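What's in target_10.txt: compact mmCIF, C-alpha atoms and all ligand atoms
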# COMPACT_ATOMS: atom_id res chain seq x y z
CA MET A 1 -2.54 6.32 28.27
CA HIS A 2 0.89 5.01 29.33
CA GLY A 3 4.26 4.41 27.65
CA PRO A 4 5.25 5.78 24.27
CA ALA A 5 1.60 6.31 23.28
CA ALA A 6 1.34 8.94 26.03
CA LEU A 7 3.57 11.13 23.86
CA GLN A 8 0.64 11.93 21.59
CA LEU A 9 -1.70 13.48 24.17
CA THR A 10 -1.55 16.60 26.33
CA PRO A 11 -2.19 16.14 30.08
CA ASP A 12 -5.81 17.26 29.47
CA GLY A 13 -6.26 14.64 26.71
CA ARG A 14 -5.93 16.69 23.52
CA LEU A 15 -4.14 15.30 20.46
CA LYS A 16 -0.70 16.88 19.91
CA HIS A 17 0.79 14.13 17.71
CA LEU A 18 -0.87 11.12 16.08
CA LEU A 19 1.40 8.10 16.52
CA THR A 20 -0.90 5.17 17.26
CA THR A 21 -4.56 4.27 17.72
CA GLU A 22 -3.64 2.11 20.72
CA GLY A 23 -5.41 3.51 23.76
CA LEU A 24 -6.98 6.46 21.91
CA PRO A 25 -10.20 7.28 23.77
CA LYS A 26 -13.52 6.80 21.96
CA SER A 27 -14.32 10.50 22.42
CA LEU A 28 -11.14 11.53 20.57
CA ILE A 29 -11.66 9.02 17.75
CA THR A 30 -15.25 10.24 17.38
CA GLU A 31 -14.10 13.88 17.30
CA LEU A 32 -11.59 13.03 14.55
CA LEU A 33 -14.23 11.17 12.51
CA ASP A 34 -16.78 13.98 12.97
CA THR A 35 -14.23 16.61 11.95
CA ALA A 36 -13.32 14.55 8.88
CA GLU A 37 -17.02 14.34 7.93
CA THR A 38 -17.21 18.13 7.86
CA PHE A 39 -14.17 18.26 5.55
CA LEU A 40 -15.68 15.56 3.35
CA SER A 41 -18.79 17.63 2.77
CA SER A 42 -16.63 20.60 1.68
CA GLN A 43 -14.86 18.43 -0.92
CA GLY A 44 -17.86 18.52 -3.25
CA GLN A 45 -17.67 22.33 -3.48
CA PRO A 46 -16.15 24.09 -6.52
CA VAL A 47 -13.46 25.58 -4.22
CA LYS A 48 -12.18 22.78 -2.02
CA LYS A 49 -9.63 24.79 -0.04
CA VAL A 50 -10.09 26.09 3.48
CA PRO A 51 -7.63 28.53 5.11
CA LEU A 52 -7.07 26.63 8.38
CA LEU A 53 -3.32 26.02 7.92
CA ARG A 54 -2.47 29.13 5.90
CA GLY A 55 1.14 30.13 6.69
CA LYS A 56 1.99 26.68 8.13
CA THR A 57 4.61 24.38 6.61
CA VAL A 58 3.96 20.64 6.35
CA VAL A 59 6.96 18.41 5.59
CA ASN A 60 6.31 14.93 4.19
CA LEU A 61 9.13 12.55 5.15
CA PHE A 62 8.58 9.24 3.39
CA PHE A 63 11.50 6.88 3.98
CA GLU A 64 9.41 4.03 2.51
CA ASN A 65 7.33 3.83 -0.68
CA SER A 66 3.72 4.95 -0.77
CA THR A 67 1.04 5.87 -3.28
CA ARG A 68 -2.17 6.48 -1.31
CA THR A 69 -0.87 7.81 2.01
CA ARG A 70 1.71 10.20 0.58
CA THR A 71 -0.59 11.59 -2.11
CA THR A 72 -3.59 12.03 0.18
CA PHE A 73 -1.48 13.74 2.86
CA ASP A 74 -0.19 16.05 0.13
CA ILE A 75 -3.71 16.83 -1.15
CA ALA A 76 -5.02 17.23 2.43
CA ALA A 77 -2.30 19.74 3.35
CA HIS A 78 -2.93 21.75 0.17
CA ARG A 79 -6.69 21.76 0.84
CA LEU A 80 -5.95 23.23 4.27
CA SER A 81 -3.88 25.96 2.48
CA ALA A 82 -0.55 24.85 4.05
CA ASP A 83 2.80 25.13 2.30
CA VAL A 84 3.87 21.56 1.56
CA VAL A 85 7.38 20.20 1.13
CA THR A 86 7.90 16.56 0.21
CA LEU A 87 11.49 15.50 0.82
CA ASP A 88 12.72 12.97 -1.73
CA ILE A 89 14.64 10.69 0.62
CA ARG A 90 16.43 8.94 -2.28
CA THR A 91 18.11 12.22 -3.28
CA SER A 92 18.41 13.66 0.25
CA SER A 93 21.54 13.74 2.41
CA ALA A 94 20.28 10.65 4.26
CA SER A 95 22.15 8.78 1.48
CA LYS A 96 25.37 10.55 2.58
CA GLY A 97 25.12 9.23 6.12
CA GLU A 98 23.09 11.99 7.79
CA THR A 99 21.20 10.56 10.76
CA LEU A 100 17.43 10.82 11.17
CA PHE A 101 18.02 13.13 14.15
CA ASP A 102 20.23 15.52 12.16
CA THR A 103 17.82 15.54 9.20
CA LEU A 104 15.07 16.41 11.66
CA LYS A 105 17.03 19.25 13.29
CA ASN A 106 17.80 20.77 9.87
CA LEU A 107 14.13 20.68 8.87
CA GLU A 108 13.21 22.27 12.18
CA ALA A 109 15.65 25.07 11.41
CA MET A 110 13.59 25.72 8.26
CA GLN A 111 10.61 26.43 10.53
CA ALA A 112 8.53 23.37 9.73
CA ASP A 113 5.26 23.11 11.68
CA LEU A 114 4.27 19.50 11.03
CA PHE A 115 6.13 16.34 10.05
CA VAL A 116 4.36 13.45 8.34
CA VAL A 117 6.62 10.41 8.74
CA ARG A 118 6.65 7.01 7.09
CA HIS A 119 9.55 4.74 7.98
CA SER A 120 10.36 1.04 7.67
CA ALA A 121 11.62 1.04 11.27
CA GLY A 122 8.90 0.55 13.89
CA GLY A 123 9.07 3.43 16.38
CA ALA A 124 10.70 6.02 14.09
CA PRO A 125 7.80 8.55 14.38
CA PHE A 126 7.86 8.10 18.19
CA PHE A 127 11.62 8.84 18.17
CA ILE A 128 10.94 12.03 16.23
CA ALA A 129 7.97 13.11 18.35
CA ASP A 130 10.09 12.67 21.47
CA ARG A 131 12.78 14.98 20.13
CA VAL A 132 11.08 17.72 18.11
CA THR A 133 10.86 21.27 19.32
CA PRO A 134 7.58 21.97 21.15
CA ASN A 135 4.88 23.34 18.81
CA ILE A 136 5.78 20.92 15.99
CA ALA A 137 3.26 18.12 15.38
CA VAL A 138 4.26 14.64 14.17
CA ILE A 139 1.93 12.27 12.34
CA ASN A 140 2.79 8.61 11.85
CA ALA A 141 2.12 7.65 8.22
CA GLY A 142 3.14 4.01 8.84
CA ASP A 143 6.12 2.62 10.80
CA GLY A 144 7.37 -0.89 10.04
CA THR A 145 4.87 -3.55 11.09
CA HIS A 146 3.84 -1.42 14.06
CA ALA A 147 1.17 1.20 13.33
CA HIS A 148 -0.68 3.11 10.59
CA PRO A 149 -3.10 5.25 12.58
CA THR A 150 -4.49 7.47 9.78
CA GLN A 151 -5.30 4.31 7.79
CA ALA A 152 -7.21 2.95 10.79
CA LEU A 153 -9.12 6.21 11.17
CA LEU A 154 -10.11 6.30 7.49
CA ASP A 155 -11.15 2.66 7.81
CA LEU A 156 -13.31 3.51 10.84
CA MET A 157 -14.79 6.47 8.98
CA THR A 158 -15.65 4.23 6.03
CA ILE A 159 -17.18 1.58 8.30
CA ARG A 160 -19.26 4.16 10.20
CA LYS A 161 -20.47 5.77 6.94
CA HIS A 162 -21.58 2.49 5.35
CA LYS A 163 -22.57 0.32 8.32
CA GLY A 164 -23.10 2.62 11.31
CA ASP A 165 -21.64 2.45 14.81
CA PRO A 166 -18.82 -0.15 15.07
CA ALA A 167 -20.20 -1.01 18.52
CA ASN A 168 -22.96 -2.98 16.71
CA LEU A 169 -20.84 -4.72 14.07
CA SER A 170 -18.85 -7.87 13.33
CA VAL A 171 -15.61 -7.25 11.44
CA ALA A 172 -13.40 -9.89 9.82
CA ILE A 173 -9.80 -9.14 8.81
CA VAL A 174 -8.45 -11.67 6.31
CA GLY A 175 -4.90 -12.52 5.25
CA ASP A 176 -1.44 -11.47 6.38
CA LEU A 177 -2.13 -9.87 9.74
CA LYS A 178 1.31 -10.82 11.04
CA HIS A 179 3.14 -8.19 8.97
CA SER A 180 0.32 -5.67 8.87
CA ARG A 181 0.50 -2.33 10.67
CA VAL A 182 -2.92 -1.62 9.11
CA ALA A 183 -4.49 -4.59 10.90
CA ARG A 184 -2.87 -3.76 14.24
CA SER A 185 -4.02 -0.13 14.14
CA LEU A 186 -7.51 -1.06 12.95
CA ILE A 187 -7.89 -3.60 15.77
CA HIS A 188 -6.92 -0.96 18.34
CA GLY A 189 -9.30 1.53 16.71
CA LEU A 190 -12.21 -0.94 16.61
CA ARG A 191 -11.61 -1.84 20.24
CA GLY A 192 -11.56 1.85 21.12
CA MET A 193 -14.93 2.25 19.41
CA GLY A 194 -16.39 -0.71 21.31
CA CYS A 195 -16.61 -3.21 18.44
CA PRO A 196 -17.73 -6.47 20.09
CA ASP A 197 -16.68 -8.98 17.40
CA ILE A 198 -13.30 -8.71 15.68
CA ARG A 199 -12.15 -11.78 13.77
CA ALA A 200 -8.78 -12.62 12.21
CA ILE A 201 -8.78 -15.13 9.36
CA GLY A 202 -5.65 -16.71 7.90
CA PRO A 203 -3.13 -19.52 8.14
CA GLY A 204 -1.27 -19.84 11.45
CA THR A 205 1.94 -18.59 9.78
CA LEU A 206 0.29 -15.25 8.92
CA LEU A 207 -1.46 -14.52 12.21
CA PRO A 208 0.37 -12.84 15.10
CA SER A 209 0.45 -14.63 18.45
CA ASP A 210 -1.03 -11.79 20.56
CA LEU A 211 -4.49 -11.64 18.91
CA GLY A 212 -6.23 -13.28 21.89
CA TYR A 213 -4.73 -10.65 24.17
CA LEU A 214 -6.19 -8.01 21.84
CA GLY A 215 -9.65 -9.58 22.10
CA VAL A 216 -9.62 -10.92 18.53
CA ARG A 217 -11.00 -14.37 17.64
CA THR A 218 -8.88 -16.33 15.16
CA PHE A 219 -10.15 -18.57 12.35
CA HIS A 220 -8.04 -20.73 10.06
CA CYS A 221 -11.13 -21.76 8.05
CA ILE A 222 -12.35 -18.76 6.06
CA ASP A 223 -15.89 -20.09 5.68
CA ASP A 224 -16.29 -20.22 9.47
CA GLY A 225 -14.74 -16.79 9.99
CA LEU A 226 -16.82 -14.96 7.37
CA ARG A 227 -20.19 -16.18 8.57
CA ASP A 228 -22.59 -13.24 9.15
CA VAL A 229 -19.96 -10.48 9.37
CA ASP A 230 -20.85 -6.88 8.42
CA VAL A 231 -17.39 -5.85 7.27
CA VAL A 232 -14.65 -7.79 5.47
CA VAL A 233 -11.17 -6.24 5.46
CA LEU A 234 -8.70 -7.87 3.07
CA LEU A 235 -4.92 -7.56 3.36
CA ARG A 236 -2.23 -8.25 0.81
CA LEU A 237 0.66 -10.62 1.46
CA GLN A 238 3.44 -8.31 2.61
CA LYS A 239 6.28 -10.22 1.02
CA GLU A 240 8.74 -7.36 1.56
CA ARG A 241 8.41 -7.94 5.33
CA MET A 242 8.57 -11.75 5.29
CA THR A 243 11.94 -13.17 6.29
CA SER A 244 11.10 -16.72 5.17
CA ALA A 245 8.50 -18.50 3.03
CA LEU A 246 5.30 -18.59 5.10
CA LEU A 247 2.97 -20.20 2.57
CA PRO A 248 3.42 -22.58 -0.36
CA SER A 249 2.36 -20.19 -3.16
CA GLU A 250 0.10 -17.26 -4.02
CA ARG A 251 -2.18 -19.65 -5.92
CA GLU A 252 -2.53 -21.80 -2.81
CA PHE A 253 -3.31 -18.68 -0.76
CA PHE A 254 -6.00 -17.61 -3.22
CA ASN A 255 -7.52 -21.10 -3.18
CA LEU A 256 -7.70 -21.12 0.62
CA TYR A 257 -8.25 -17.46 1.55
CA GLY A 258 -8.87 -15.41 -1.61
CA MET A 259 -12.12 -13.42 -1.55
CA THR A 260 -14.42 -14.69 -4.28
CA GLU A 261 -18.07 -13.87 -4.93
CA SER A 262 -19.17 -17.23 -3.55
CA ARG A 263 -17.16 -16.82 -0.32
CA LEU A 264 -18.49 -13.30 0.15
CA LYS A 265 -22.04 -14.71 0.24
CA LEU A 266 -21.20 -16.20 3.68
CA ALA A 267 -21.02 -12.67 5.12
CA LYS A 268 -24.19 -10.63 5.67
CA GLU A 269 -26.04 -9.72 2.48
CA ASN A 270 -24.93 -6.07 2.48
CA ALA A 271 -21.49 -6.60 3.96
CA ILE A 272 -18.84 -4.20 2.70
CA VAL A 273 -15.43 -5.24 1.37
CA MET A 274 -12.46 -3.08 2.32
CA HIS A 275 -8.76 -3.13 1.46
CA PRO A 276 -6.07 -0.59 2.39
CA GLY A 277 -4.36 -1.09 -0.99
CA PRO A 278 -2.37 -1.82 -2.96
CA ILE A 279 -4.61 -4.73 -3.99
CA ASN A 280 -3.20 -7.86 -5.59
CA ARG A 281 -5.92 -9.22 -7.86
CA GLY A 282 -6.05 -13.00 -7.99
CA VAL A 283 -4.08 -13.31 -4.72
CA GLU A 284 -6.24 -11.95 -1.86
CA ILE A 285 -9.14 -10.68 -3.97
CA ALA A 286 -10.91 -11.83 -7.14
CA ASN A 287 -11.60 -9.29 -9.88
CA GLU A 288 -15.37 -9.56 -9.51
CA VAL A 289 -15.13 -8.68 -5.78
CA ALA A 290 -12.61 -5.86 -6.26
CA ASP A 291 -14.88 -4.29 -8.89
CA GLY A 292 -18.18 -5.40 -7.34
CA SER A 293 -20.94 -3.39 -5.68
CA GLN A 294 -19.91 -4.35 -2.13
CA ALA A 295 -16.36 -3.01 -2.48
CA VAL A 296 -15.73 0.38 -0.84
CA ILE A 297 -11.99 0.36 -1.51
CA LEU A 298 -11.88 3.62 -3.48
CA ASP A 299 -14.21 5.31 -1.00
CA GLN A 300 -11.56 4.52 1.63
CA VAL A 301 -9.05 6.50 -0.45
CA THR A 302 -11.39 9.52 -0.72
CA ASN A 303 -12.08 9.37 3.03
CA GLY A 304 -8.32 9.33 3.58
CA ILE A 305 -8.05 12.95 2.41
CA ALA A 306 -10.71 14.10 4.89
CA ILE A 307 -9.20 12.10 7.77
CA ARG A 308 -5.72 13.48 7.09
CA MET A 309 -7.14 17.01 6.95
CA ALA A 310 -8.78 16.41 10.34
CA VAL A 311 -5.63 14.96 11.93
CA MET A 312 -3.44 17.80 10.66
CA ALA A 313 -5.92 20.46 11.78
CA MET A 314 -6.41 18.96 15.24
CA THR A 315 -2.76 18.24 16.05
CA LEU A 316 -1.56 21.66 14.88
CA SER A 317 -4.38 23.37 16.73
CA THR A 318 -3.27 21.63 19.94
CA GLN A 319 0.44 22.28 19.39
CA GLN A 320 0.09 25.91 18.47
CA GLY A 321 -2.52 26.84 21.03
CA GLY A 322 -5.56 27.22 18.79
CA HIS A 323 -8.99 25.61 18.98
CA SER A 324 -10.15 23.05 16.44
N1 LIG B 1 -2.72 1.99 2.42
C1 LIG B 1 -1.47 2.45 2.26
O1 LIG B 1 -0.75 2.77 3.22
O2 LIG B 1 -1.08 2.55 0.95
P1 LIG B 1 0.31 3.18 0.46
O3 LIG B 1 1.40 2.28 0.94
O4 LIG B 1 0.20 3.28 -1.03
O5 LIG B 1 0.44 4.54 1.11

Conversion result in structure tokens:
Amino acid sequence: MHGPAALQLTPDGRLKHLLTTEGLPKSLITELLDTAETFLSSQGQPVKKVPLLRGKTVVNLFFENSTRTRTTFDIAAHRLSADVVTLDIRTSSASKGETLFDTLKNLEAMQADLFVVRHSAGGAPFFIADRVTPNIAVINAGDGTHAHPTQALLDLMTIRKHKGDPANLSVAIVGDLKHSRVARSLIHGLRGMGCPDIRAIGPGTLLPSDLGYLGVRTFHCIDDGLRDVDVVVLLRLQKERMTSALLPSEREFFNLYGMTESRLKLAKENAIVMHPGPINRGVEIANEVADGSQAVILDQVTNGIAIRMAVMAMTLSTQQGGHS
């Protein structure tokens, strides 16, 4: 692995931070998914906690809104018996002009062991990982339009659980890929797992220009793109990241690209429907699909706890000299 992504691995290939799925070896992704599976099986027990991170302090730094990621990181850290601090950025001294670097140094002085970082600026978790004291792990919980690696891992876990090895599957990603860190990280993760057929479906204004370079086939006609796929991943329109109007209206988008029961029939009979959330009913997904038997959207959320437990356990084990 080269460039900024090299920050996340030790010279012998162990995970010390999780910043991106780009270039992550298949063996490491598989180890993360397998570890998460073991945590998932413990979640059905009356006592869900394990003592792996007892005495460790996890700091959640969410500079951008979140429901699923923030809550599941919080639950995951508690289930690993860590002490968890969630900094409310709106009431923190960031509003008084304190820089990200100085906030970081102050939290280090409080003996934090792991930072979970979400930021609207692409690269912010890399900046932090490059500057933290050795022994502190950094996990990217979503940076700008760049990367959302734990989302990609929980997506891969969900795909593997329901449909088997991604190396045998066709996956279609539908909607606003241009502004989606989820799509970018999932594409890198699917490529890492050897997925032979990744498709992007959407209008030209919502598809990034480098998809061919990433080995992704593009379709502007949804009926062509959905044909015989095993997995359908839907994305919402990320209006907060659009700098100009990129489509006539949400109604128009639903008419052309919204997932309805009849469109879903073009995919394989038992295809699964995924969505990272939050879903916008009647825009990218019809009610009957969101609530239908092929949707695994809430299973993705449950898997997110197990994946985040696995990532925290593995990165801290590497940083602090233990064995996962
Ligand atoms: N999937 C996802 O990142 O959701 P949140 O923004 O609610 O965390």

So, counting all atoms listed in the file, which residue among A:Asp113, A:Asp155, A:Asp102, A:Asp83 is closest to ligand LIG 1 (chain B)?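 Counting all atoms listed in the file, the residue closest to ligand LIG 1 (chain B) is A:Asp155.
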
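Relative to atom CA of A:Pro196, atom CA of A:Leu214 is found at 11.8 Å.
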
For the contact check between chain A and ligand LIG 1 (chain B), emit one row per residue of chain A within 10 Å, containing the shortest atom pair and the distance in Å rounded to one decimal, counting all atoms listed in the file, chain then rising number order, as JSON lines.
{"residue": "A:Phe62", "atom": "CA", "partner": "B:LIG1", "partner_atom": "O5", "distance": 9.7}
{"residue": "A:Glu64", "atom": "CA", "partner": "B:LIG1", "partner_atom": "O3", "distance": 8.3}
{"residue": "A:Asn65", "atom": "CA", "partner": "B:LIG1", "partner_atom": "O3", "distance": 6.3}
{"residue": "A:Ser66", "atom": "CA", "partner": "B:LIG1", "partner_atom": "O5", "distance": 3.8}
{"residue": "A:Thr67", "atom": "CA", "partner": "B:LIG1", "partner_atom": "O4", "distance": 3.5}
{"residue": "A:Arg68", "atom": "CA", "partner": "B:LIG1", "partner_atom": "O4", "distance": 4.0}
{"residue": "A:Thr69", "atom": "CA", "partner": "B:LIG1", "partner_atom": "O5", "distance": 3.6}
{"residue": "A:Arg70", "atom": "CA", "partner": "B:LIG1", "partner_atom": "O5", "distance": 5.8}
{"residue": "A:Thr71", "atom": "CA", "partner": "B:LIG1", "partner_atom": "O5", "distance": 7.8}
{"residue": "A:Thr72", "atom": "CA", "partner": "B:LIG1", "partner_atom": "O5", "distance": 8.6}
{"residue": "A:Phe73", "atom": "CA", "partner": "B:LIG1", "partner_atom": "O5", "distance": 9.6}
{"residue": "A:Arg118", "atom": "CA", "partner": "B:LIG1", "partner_atom": "O5", "distance": 9.0}
{"residue": "A:Ala141", "atom": "CA", "partner": "B:LIG1", "partner_atom": "O1", "distance": 7.6}
{"residue": "A:Gly142", "atom": "CA", "partner": "B:LIG1", "partner_atom": "O1", "distance": 6.9}
{"residue": "A:His148", "atom": "CA", "partner": "B:LIG1", "partner_atom": "O1", "distance": 7.4}
{"residue": "A:Pro149", "atom": "CA", "partner": "B:LIG1", "partner_atom": "O1", "distance": 10.0}
{"residue": "A:Thr150", "atom": "CA", "partner": "B:LIG1", "partner_atom": "O1", "distance": 8.9}
{"residue": "A:Gln151", "atom": "CA", "partner": "B:LIG1", "partner_atom": "N1", "distance": 6.4}
{"residue": "A:Ala152", "atom": "CA", "partner": "B:LIG1", "partner_atom": "N1", "distance": 9.5}
{"residue": "A:Leu154", "atom": "CA", "partner": "B:LIG1", "partner_atom": "N1", "distance": 9.9}
{"residue": "A:Arg181", "atom": "CA", "partner": "B:LIG1", "partner_atom": "O1", "distance": 9.1}
{"residue": "A:Val182", "atom": "CA", "partner": "B:LIG1", "partner_atom": "N1", "distance": 7.6}
{"residue": "A:Leu235", "atom": "CA", "partner": "B:LIG1", "partner_atom": "N1", "distance": 9.8}
{"residue": "A:His275", "atom": "CA", "partner": "B:LIG1", "partner_atom": "N1", "distance": 8.0}
{"residue": "A:Pro276", "atom": "CA", "partner": "B:LIG1", "partner_atom": "N1", "distance": 4.2}
{"residue": "A:Gly277", "atom": "CA", "partner": "B:LIG1", "partner_atom": "N1", "distance": 4.9}
{"residue": "A:Pro278", "atom": "CA", "partner": "B:LIG1", "partner_atom": "O2", "distance": 6.0}
{"residue": "A:Ile279", "atom": "CA", "partner": "B:LIG1", "partner_atom": "N1", "distance": 9.5}
{"residue": "A:Gln300", "atom": "CA", "partner": "B:LIG1", "partner_atom": "N1", "distance": 9.2}
{"residue": "A:Val301", "atom": "CA", "partner": "B:LIG1", "partner_atom": "N1", "distance": 8.3}
{"residue": "A:Gly304", "atom": "CA", "partner": "B:LIG1", "partner_atom": "N1", "distance": 9.3}

For the residues selected in the previous step, produce a file with C-alpha atoms as a compact mmCIF listing (two decimals), keeping the file's coordinate frame.
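Output saved as part.txt:
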# COMPACT_ATOMS: atom_id res chain seq x y z
CA PHE A 62 8.58 9.24 3.39
CA GLU A 64 9.41 4.03 2.51
CA ASN A 65 7.33 3.83 -0.68
CA SER A 66 3.72 4.95 -0.77
CA THR A 67 1.04 5.87 -3.28
CA ARG A 68 -2.17 6.48 -1.31
CA THR A 69 -0.87 7.81 2.01
CA ARG A 70 1.71 10.20 0.58
CA THR A 71 -0.59 11.59 -2.11
CA THR A 72 -3.59 12.03 0.18
CA PHE A 73 -1.48 13.74 2.86
CA ARG A 118 6.65 7.01 7.09
CA ALA A 141 2.12 7.65 8.22
CA GLY A 142 3.14 4.01 8.84
CA HIS A 148 -0.68 3.11 10.59
CA PRO A 149 -3.10 5.25 12.58
CA THR A 150 -4.49 7.47 9.78
CA GLN A 151 -5.30 4.31 7.79
CA ALA A 152 -7.21 2.95 10.79
CA LEU A 154 -10.11 6.30 7.49
CA ARG A 181 0.50 -2.33 10.67
CA VAL A 182 -2.92 -1.62 9.11
CA LEU A 235 -4.92 -7.56 3.36
CA HIS A 275 -8.76 -3.13 1.46
CA PRO A 276 -6.07 -0.59 2.39
CA GLY A 277 -4.36 -1.09 -0.99
CA PRO A 278 -2.37 -1.82 -2.96
CA ILE A 279 -4.61 -4.73 -3.99
CA GLN A 300 -11.56 4.52 1.63
CA VAL A 301 -9.05 6.50 -0.45
CA GLY A 304 -8.32 9.33 3.58

In the coordinate frame of the file, compute which residues have an atom within 12 Å of (-3.7, -3.4, 16.6) when using only C-alpha atoms, and state them as a count of residues only. 39

Determine the nearest neighbour of A:Gly194 from the options A:Lys26, A:Lys268, A:Lys96, A:Arg54, counting all atoms listed in the file. A:Lys26

Interatomic distance between atom CA of A:Lys265 and atom CA of A:Met157?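 Atom CA of A:Met157 lies 24.0 Å from atom CA of A:Lys265.
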
Near stretch 306-317 of chain A, within 9 Å and counting all atoms listed in the file, which residues show up once chain neighbours fewer than 3 positions away are dropped, as a ChimeraX atom specification? /A:14-18,32-40,43,52-53,72-73,75-77,79-80,113-114,135-139,150-151,153-154,157,302-303,320-324

In the coordinates of the file, take the point (-13.3, -16.0, 0.6) and a cut-off of 9 Å; then, counting only C-alpha atoms, name each qualifying protein, DNA or RNA residue as a list in words. Val174, Ile222, Asp223, Leu226, Phe254, Asn255, Leu256, Tyr257, Gly258, Met259, Thr260, Glu261, Ser262, Arg263, Leu264, Lys265, Leu266, Glu284 and Ile285 of chain A

Can you tell me which residues surround A:Ala112 at a distance of at most 10 Å, considering all atoms listed in the file, apart from same-chain residues fewer than 2 positions away, and format the answer as a compact mmCIF listing (two decimals) with C-alpha atoms, in the frame of the given file?
# COMPACT_ATOMS: atom_id res chain seq x y z
CA LYS A 56 1.99 26.68 8.13
CA THR A 57 4.61 24.38 6.61
CA VAL A 58 3.96 20.64 6.35
CA VAL A 59 6.96 18.41 5.59
CA ASP A 83 2.80 25.13 2.30
CA VAL A 84 3.87 21.56 1.56
CA VAL A 85 7.38 20.20 1.13
CA LEU A 104 15.07 16.41 11.66
CA ASN A 106 17.80 20.77 9.87
CA LEU A 107 14.13 20.68 8.87
CA GLU A 108 13.21 22.27 12.18
CA ALA A 109 15.65 25.07 11.41
CA MET A 110 13.59 25.72 8.26
CA LEU A 114 4.27 19.50 11.03
CA PHE A 115 6.13 16.34 10.05
CA ASN A 135 4.88 23.34 18.81
CA ILE A 136 5.78 20.92 15.99
CA ALA A 137 3.26 18.12 15.38

Measuring atom to atom with all atoms listed in the file, identify which of A:Thr318, A:Ser93, A:Asn270, A:Ser27 is nearest to A:Lys163. A:Asn270

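One finds atom CA of A:Pro166 at 9.4 Å from atom CA of A:Asp197.
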
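Minimum atom-to-atom distances from A:Met193, A:Leu169, A:Asp74, A:Arg160 to A:Ile29 were compared using only C-alpha atoms, and the lowest value belongs to A:Met193.
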
As JSON, what would the box around stretch 95-106 of chain A look like: edges along x, y and z, 5 Å added on every side, centre and edge lengths in Å to one decimal?
{"center_x": 20.2, "center_y": 14.8, "center_z": 7.8, "size_x": 20.3, "size_y": 22.0, "size_z": 22.7}
